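The structure under discussion appears below in the form of structure tokens.
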Amino acid sequence: GRSGNGVTIMGDLLRYYAALDSIVCYSMLEAVAVSFAATQMGMKLPDDLRVVVFNHRVAHAQTGIPVDTVLVPFQDVGQQAVQMRSDLC
């Protein structure tokens with residue numbers, strides 16, 4: 001595995017993929033690391049890089065970092081799965 005902190009690793013990623021204009025993060029911790037790394041590189045969020053995080057309702061409010069959030073309605077998805085399974089029986 002790689003050693004180093006998240007900001008260093010994300011900085012390496014952003015340098016390697018220099019043409020990126022957006023990145024999707026699974027967790028808020030990843031989004032914070034990407035945001036700090038991008039800022040250290042002189043990038044402006046969200047003008048130079050858009051950061052998207054999954055399932056974090058108050059991402060911007062908690063961190064002040066301009067991130068987009070994708071909310072997956074897991075409860076609704078689960079209910080639909082149960083209903084579809086019931087319909088098969």
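By convention here, the chains of the structure tokens are called A, B, ... in the order presented, each chain's residues are numbered starting at 1, and ligands are numbered starting at 1 in the order presented.
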Legend entry - DSSP-assigned strand (DSSP E or B) among chain A, expressed as JSON, numbers by chain: {"A": [22, 23, 24, 25, 50, 51, 52, 53, 54, 67, 68, 69, 70]}
Inset, instruction - Enumerate the residues of chain A with a DSSP assignment of helix (DSSP H, G or I), computed from the backbone, and present them as number ranges by chain. - result: A: 6-16, 28-40, 59-63, 74-88
Taking C-alpha atoms for each residue, export the selection above as a CSV table (one decimal), in the first residue's frame.
```csv
chain,number,residue,atom,x,y,z
A,6,GLY,CA,-4.7,11.7,2.5
A,7,VAL,CA,-3.8,15.3,1.4
A,8,THR,CA,-0.4,14.1,0.0
A,9,ILE,CA,-2.0,11.2,-1.8
A,10,MET,CA,-4.8,13.3,-3.3
A,11,GLY,CA,-2.2,15.9,-4.4
A,12,ASP,CA,-0.3,13.2,-6.2
A,13,LEU,CA,-3.6,12.0,-7.8
A,14,LEU,CA,-4.4,15.6,-9.0
A,15,ARG,CA,-0.9,16.1,-10.4
A,16,TYR,CA,-1.0,12.8,-12.2
A,28,MET,CA,-16.5,13.5,3.3
A,29,LEU,CA,-13.0,12.7,4.5
A,30,GLU,CA,-11.8,12.1,1.0
A,31,ALA,CA,-13.5,15.2,-0.2
A,32,VAL,CA,-11.7,17.3,2.5
A,33,ALA,CA,-8.4,15.8,1.5
A,34,VAL,CA,-9.0,16.5,-2.2
A,35,SER,CA,-10.1,20.1,-1.4
A,36,PHE,CA,-7.0,20.8,0.7
A,37,ALA,CA,-4.7,19.3,-1.9
A,38,ALA,CA,-6.3,21.3,-4.7
A,39,THR,CA,-6.1,24.5,-2.6
A,40,GLN,CA,-2.4,23.9,-1.9
A,59,ALA,CA,-21.1,18.7,3.7
A,60,HIS,CA,-20.6,22.4,2.9
A,61,ALA,CA,-22.2,23.6,6.1
A,62,GLN,CA,-19.8,21.5,8.2
A,63,THR,CA,-16.6,22.2,6.4
A,74,PHE,CA,-31.2,4.1,0.4
A,75,GLN,CA,-34.4,3.5,2.4
A,76,ASP,CA,-36.6,4.0,-0.7
A,77,VAL,CA,-34.3,1.7,-2.7
A,78,GLY,CA,-34.5,-0.9,0.0
A,79,GLN,CA,-38.3,-0.7,0.1
A,80,GLN,CA,-38.5,-1.0,-3.6
A,81,ALA,CA,-36.2,-4.1,-3.5
A,82,VAL,CA,-38.4,-5.7,-0.9
A,83,GLN,CA,-41.5,-4.9,-3.0
A,84,MET,CA,-40.0,-6.3,-6.1
A,85,ARG,CA,-39.0,-9.5,-4.3
A,86,SER,CA,-42.6,-9.8,-2.9
A,87,ASP,CA,-44.0,-9.3,-6.4
A,88,LEU,CA,-42.0,-12.3,-7.6
```
Legend entry - Counting only C-alpha atoms, the option among A:Tyr17, A:Pro73, A:Gly64, A:Ile23 closest to Val51 of chain A: A:Ile23
Legend entry - Selected residue of minimal separation from Arg50 of chain A among A:Tyr26, A:Asp21, A:Leu71, A:Ile65, counting only C-alpha atoms: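 Looking at the shortest contact to Arg50 of chain A, the residue is A:Asp21.
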Legend entry - Distance of atom CA of Met41 of chain A from atom CA of Asn55 of chain A, expressed in Å to one decimal place: 26.8 Å
Inset, instruction - Please identify all polymer residues within 7 Å of Val70 of chain A, counting only C-alpha atoms, omitting same-chain residues fewer than 2 positions from it, and present them as an MDAnalysis selection string. - result: chainID A and resid 53:55 68 72
